[in-house]
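Enquirer: Next up is a structure, given as structure tokens.
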Amino acid sequence: MDVISIGEMLIDFTPGKEPHSYIRNPGGAPANAVIAMARNGLSTGFIGRLGDDDFGRFLKETLEADRVKVLCPELMKEAITTMAFVTLYENGERSFTFARKPGADMLLSEEDVKEEDIRSCRLVHAGSVNMTKEPARGADTKALRLAHEMGKLVSFDVNFRDTLWESEADCKAVVDEILDYVDFLKISEEELYFVGGEENIPAFMKEHGISVVIETLGADGARYFYDGKSGMIPGHKVKAVDATGAGDAFWGGFLSKILLSGVEKKEELTEEIVREALRYGNASGGLCVQKMGGIPALPTREEIEAFLESTSR
């Protein structure tokens with residue numbers, strides 16, 4: 001396989017057209033990202049325990065329809081699900097209220113992470129939602145450590161907003177444990193304090209051996225940090241205010257382009273490849289927003305390439 005993504009399930013309840021109505025968008029960052037990569041033509045797998053309910057069955061069917069190999073195939077009666085209730089304000093700001101279904105004991109465990117699966121892929125991706133509680137924290141750490149030791153590429157999406165941490169300090173301590181394994185790190189403007197501010201990113205990268213840091217800037221685009229340099233790729237102006245899964249579409253597109261460029265090891269990266277991957281990821285995220293989000297809005301390679309062609313005219 002090209003990619004294995006590891007994570008738990010998230011349901012975004014995003015505002016509907018009617019007041020106080022919500023649209024359910026089952027997925028979750030690692031699942032959305034791996035579906036986005038599958039739609040770019042990559043061979044993909046997903047390690048995640050899915051519930052034996054309408055959400056879990058929907059996600060399993062969607063993964064399989066996109067030819068994503070589900071590496072925890074058994075549906076669990078009480079698999080844990082994080083629910084995010086999203087409120088959008090007129091100025092474009094949004095707030096989240098989180099809840100969890102019962103079944104914390106059904107989280108991923110280290111036994112779910114098979115060495116042969118990690119050995120079979122080129123890149124392992126994970127996100128911070130899955131690291132809130134044991135034993136999932138151990139499962140994530142094992143997957144990223146094994147990938148790093150085997151010389152695979154490792155991606156990590158830091159998203160403190162979408163997690164149920166005891167405190168920011170607790171969150172930082174957990175993520176600190178895996179940073180030495182990471183090659184591609186994604187953060188947002190709101191999470192810059194985690195690395196000591198934008199000016200500290202080069203030193204932070206050198207300390208942990210991170211090859212690329214991408215700082216997402218919302219509709220304004222994204223900034224990359226690579227080989228002591230930084231640059232910005234502007235975003236695509238789209239009509240929708242916000243969309244569930246847009247960040248995952250962005251990161252899935254970015255990682256897809258890295259792998260489609262033939263990169264097997266981080267030593268093969270160049271600034272040109274990083275910039276082109278960021279441009280591709282921005283287009284993927286912009287398309288997802290334009291299509292109002294959710295798994296159906298995660299674009300295909302053909303859609304991204306056509307979008308880039310149309311916006312370059």
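Every chain in the structure tokens has a letter given in the order shown (A, B, ...), and although residue numbers restart at 1 in each chain, ligands are simply numbered from 1 in the order shown.
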Need to verify the contact set: Ile214 of chain A, 9 Å, only C-alpha atoms, exclusion of same-chain residues closer than 6 positions in sequence. Can you return it as a PyMOL selection string?
Expert: chain A and resi 184-188+222-226+278
Enquirer: What's around Leu255 of chain A at 9 Å? Count only C-alpha atoms, leave out sequence neighbours fewer than 3 positions away in its own chain, and write the answer as an MDAnalysis selection string.
Expert: chainID A and resid 37 123 155 184 250:252 258:260 277:278 281
Enquirer: For the atom pair atom CA of Thr300 of chain A and atom CA of Lys69 of chain A, what is the interatomic distance in Å to one decimal place?
Expert: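 Atom-to-atom, atom CA of Thr300 of chain A and atom CA of Lys69 of chain A are spaced 17.9 Å apart.
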Enquirer: Got a sec to tell me which of segment 46-190 of chain A DSSP assigns to helix (DSSP H, G or I), as number ranges by chain?
Expert: A: 54-65, 104-106, 110-112, 115-119, 128-131, 136-149, 160-162, 168-176, 179-181, 189-190
Enquirer: List the neighbours of Ala29 of chain A out to 9 Å using only C-alpha atoms; skip same-chain residues closer than 6 positions along the sequence, and give me the result as a list of chain:residue names.
Expert: A:Gly7, A:Glu8, A:Met9, A:Leu10, A:Ala126, A:Gly127, A:Val129, A:Asp157, A:Gly245, A:Gly247, A:Asp248
Enquirer: Would you export the selected residues with C-alpha atoms as a PDB file, in the first residue's frame, please?
Expert:
ATOM      1  CA  GLY A   7      -7.506   6.960  13.907  1.00  0.00           C
ATOM      2  CA  GLU A   8     -10.925   6.922  15.501  1.00  0.00           C
ATOM      3  CA  MET A   9     -14.260   8.031  14.171  1.00  0.00           C
ATOM      4  CA  LEU A  10     -15.563  11.585  14.397  1.00  0.00           C
ATOM      5  CA  ALA A 126      -2.239   9.874  12.150  1.00  0.00           C
ATOM      6  CA  GLY A 127      -4.085  12.709  13.853  1.00  0.00           C
ATOM      7  CA  VAL A 129      -7.885  13.089  18.090  1.00  0.00           C
ATOM      8  CA  ASP A 157      -1.980  16.343  11.878  1.00  0.00           C
ATOM      9  CA  GLY A 245     -13.416  17.809   6.036  1.00  0.00           C
ATOM     10  CA  GLY A 247      -8.607  20.457   6.231  1.00  0.00           C
ATOM     11  CA  ASP A 248      -8.491  16.710   5.664  1.00  0.00           C
TER      12      ASP A 248
END
Enquirer: Quick one: everything within 8 Å of Leu153 of chain A, counting only C-alpha atoms, minus sequence neighbours fewer than 5 positions away in the same chain. Send it as a count of residues only.
Expert: 10
Enquirer: One number please: atom CA of Val34 of chain A to atom CA of Pro296 of chain A, in Å, one decimal.
Expert: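 For atom CA of Val34 of chain A relative to atom CA of Pro296 of chain A, the distance reads 13.4 Å.
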Enquirer: Kindly indicate which residue among A:Ile295, A:Arg137, A:Ala79, A:Glu177 lies nearest to Asn25 of chain A, using only C-alpha atoms for the distances.
Expert: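 Of A:Ile295, A:Arg137, A:Ala79, A:Glu177, the one nearest Asn25 of chain A, counting only C-alpha atoms, is A:Ile295.
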Enquirer: Can you pull out every residue within 9 Å of Asn282 of chain A, counting only C-alpha atoms, but drop anything in the same chain fewer than 2 positions away, and send it as JSON, numbers by chain?
Expert: {"A": [221, 222, 233, 234, 235, 236, 249, 250, 251, 253, 254, 277, 278, 279, 280, 284, 285, 286, 287]}
Enquirer: Pull the strand (DSSP E or B) assignments for segment 217-313 of chain A out of DSSP run on the backbone, and list those residues as a ChimeraX atom specification.
Expert: /A:221-226,229-234
Enquirer: Residues of the last selection are to be written out with N, CA and C atoms, as a PDB file, in the first residue's frame.
Expert:
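Output below, filename result_4.pdb:
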ATOM      1  N   GLY A 221      -4.822  30.496   2.583  1.00  0.00           N
ATOM      2  CA  GLY A 221      -3.871  29.560   2.015  1.00  0.00           C
ATOM      3  C   GLY A 221      -3.074  28.834   3.075  1.00  0.00           C
ATOM      4  N   ALA A 222      -1.803  28.614   2.804  1.00  0.00           N
ATOM      5  CA  ALA A 222      -0.951  27.873   3.735  1.00  0.00           C
ATOM      6  C   ALA A 222       0.504  28.286   3.554  1.00  0.00           C
ATOM      7  N   ARG A 223       1.251  28.140   4.635  1.00  0.00           N
ATOM      8  CA  ARG A 223       2.674  28.463   4.622  1.00  0.00           C
ATOM      9  C   ARG A 223       3.468  27.181   4.838  1.00  0.00           C
ATOM     10  N   TYR A 224       4.557  27.037   4.102  1.00  0.00           N
ATOM     11  CA  TYR A 224       5.404  25.859   4.293  1.00  0.00           C
ATOM     12  C   TYR A 224       6.755  26.260   4.873  1.00  0.00           C
ATOM     13  N   PHE A 225       7.339  25.354   5.626  1.00  0.00           N
ATOM     14  CA  PHE A 225       8.681  25.498   6.175  1.00  0.00           C
ATOM     15  C   PHE A 225       9.460  24.254   5.771  1.00  0.00           C
ATOM     16  N   TYR A 226      10.555  24.471   5.029  1.00  0.00           N
ATOM     17  CA  TYR A 226      11.329  23.349   4.509  1.00  0.00           C
ATOM     18  C   TYR A 226      12.769  23.797   4.283  1.00  0.00           C
ATOM     19  N   LYS A 229      13.853  27.301   4.805  1.00  0.00           N
ATOM     20  CA  LYS A 229      13.145  28.318   4.036  1.00  0.00           C
ATOM     21  C   LYS A 229      11.658  28.254   4.353  1.00  0.00           C
ATOM     22  N   SER A 230      10.962  29.321   4.023  1.00  0.00           N
ATOM     23  CA  SER A 230       9.508  29.308   4.156  1.00  0.00           C
ATOM     24  C   SER A 230       8.910  30.038   2.960  1.00  0.00           C
ATOM     25  N   GLY A 231       7.675  29.691   2.671  1.00  0.00           N
ATOM     26  CA  GLY A 231       6.962  30.338   1.579  1.00  0.00           C
ATOM     27  C   GLY A 231       5.482  30.129   1.765  1.00  0.00           C
ATOM     28  N   MET A 232       4.691  30.885   1.024  1.00  0.00           N
ATOM     29  CA  MET A 232       3.245  30.807   1.173  1.00  0.00           C
ATOM     30  C   MET A 232       2.588  30.537  -0.173  1.00  0.00           C
ATOM     31  N   ILE A 233       1.580  29.681  -0.148  1.00  0.00           N
ATOM     32  CA  ILE A 233       0.754  29.432  -1.325  1.00  0.00           C
ATOM     33  C   ILE A 233      -0.629  29.975  -1.019  1.00  0.00           C
ATOM     34  N   PRO A 234      -1.124  30.966  -1.768  1.00  0.00           N
ATOM     35  CA  PRO A 234      -2.437  31.544  -1.464  1.00  0.00           C
ATOM     36  C   PRO A 234      -3.561  30.549  -1.673  1.00  0.00           C
TER      37      PRO A 234
END
Enquirer: Would you kindly return, as number ranges by chain, each protein, DNA or RNA residue with an atom no farther than 10 Å from any atom of Ile23 of chain A, considering only C-alpha atoms and excluding same-chain residues fewer than 2 positions away?
Expert: A: 11-17, 21, 25-26, 85-86, 294
Enquirer: Restricting it to N, CA and C atoms, dump the selection as a PDB file, in the first residue's frame.
Expert:
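part-v2.pdb, written as the output of this step:
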ATOM      1  N   ILE A  11     -17.846  12.399  14.276  1.00  0.00           N
ATOM      2  CA  ILE A  11     -19.035  12.865  13.577  1.00  0.00           C
ATOM      3  C   ILE A  11     -19.150  14.361  13.795  1.00  0.00           C
ATOM      4  N   ASP A  12     -19.097  15.116  12.713  1.00  0.00           N
ATOM      5  CA  ASP A  12     -19.340  16.557  12.780  1.00  0.00           C
ATOM      6  C   ASP A  12     -20.825  16.803  12.575  1.00  0.00           C
ATOM      7  N   PHE A  13     -21.443  17.492  13.510  1.00  0.00           N
ATOM      8  CA  PHE A  13     -22.821  17.940  13.340  1.00  0.00           C
ATOM      9  C   PHE A  13     -22.745  19.402  12.913  1.00  0.00           C
ATOM     10  N   THR A  14     -22.807  19.644  11.614  1.00  0.00           N
ATOM     11  CA  THR A  14     -22.645  20.997  11.095  1.00  0.00           C
ATOM     12  C   THR A  14     -24.016  21.648  10.890  1.00  0.00           C
ATOM     13  N   PRO A  15     -24.086  22.965  10.971  1.00  0.00           N
ATOM     14  CA  PRO A  15     -25.378  23.651  10.880  1.00  0.00           C
ATOM     15  C   PRO A  15     -26.083  23.383   9.554  1.00  0.00           C
ATOM     16  N   GLY A  16     -27.394  23.112   9.638  1.00  0.00           N
ATOM     17  CA  GLY A  16     -28.201  22.934   8.444  1.00  0.00           C
ATOM     18  C   GLY A  16     -28.786  24.254   7.980  1.00  0.00           C
ATOM     19  N   LYS A  17     -29.662  24.205   6.996  1.00  0.00           N
ATOM     20  CA  LYS A  17     -30.256  25.422   6.456  1.00  0.00           C
ATOM     21  C   LYS A  17     -31.277  26.027   7.407  1.00  0.00           C
ATOM     22  N   SER A  21     -30.872  23.275  13.226  1.00  0.00           N
ATOM     23  CA  SER A  21     -30.799  21.969  12.568  1.00  0.00           C
ATOM     24  C   SER A  21     -29.343  21.641  12.251  1.00  0.00           C
ATOM     25  N   ASN A  25     -22.170  14.514   9.564  1.00  0.00           N
ATOM     26  CA  ASN A  25     -21.100  14.182   8.635  1.00  0.00           C
ATOM     27  C   ASN A  25     -20.147  13.182   9.286  1.00  0.00           C
ATOM     28  N   PRO A  26     -20.463  11.879   9.245  1.00  0.00           N
ATOM     29  CA  PRO A  26     -19.561  10.886   9.842  1.00  0.00           C
ATOM     30  C   PRO A  26     -18.240  10.850   9.092  1.00  0.00           C
ATOM     31  N   PHE A  85     -20.272  19.237  17.679  1.00  0.00           N
ATOM     32  CA  PHE A  85     -21.382  20.086  17.277  1.00  0.00           C
ATOM     33  C   PHE A  85     -20.812  21.463  16.933  1.00  0.00           C
ATOM     34  N   VAL A  86     -20.955  21.858  15.685  1.00  0.00           N
ATOM     35  CA  VAL A  86     -20.300  23.053  15.165  1.00  0.00           C
ATOM     36  C   VAL A  86     -21.307  24.189  15.038  1.00  0.00           C
ATOM     37  N   GLY A 294     -18.032  17.456   3.952  1.00  0.00           N
ATOM     38  CA  GLY A 294     -18.462  16.079   4.155  1.00  0.00           C
ATOM     39  C   GLY A 294     -17.711  15.142   3.228  1.00  0.00           C
TER      40      GLY A 294
END
Enquirer: Kindly give the distance, in Å, that separates atom CA of Glu191 of chain A and atom CA of His208 of chain A, rounded to a single decimal.
Expert: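 These atoms are spaced 17.3 Å apart.
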Enquirer: Applying 12 Å and only C-alpha atoms, which residues near segment 52-57 of chain A remain after dropping the ones on its own chain fewer than 3 positions away? List them as a ChimeraX atom specification.
Expert: /A:8-12,24-28,31,48-49,60-65,70,72-83,101,103,106
Enquirer: Using only C-alpha atoms, which of the listed residues (A:Leu308, A:Ala139, A:Met205, A:Ile35) sits closest to Asp112 of chain A?
Expert: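 Counting only C-alpha atoms, the residue closest to Asp112 of chain A is A:Ala139.
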Enquirer: Measuring between only C-alpha atoms, which one of A:Leu108, A:Ile6, A:Ile178, A:Ala297 shows the shortest distance to Gly51 of chain A?
Expert: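 When distances to Gly51 of chain A are compared using only C-alpha atoms, the smallest one comes from A:Leu108.
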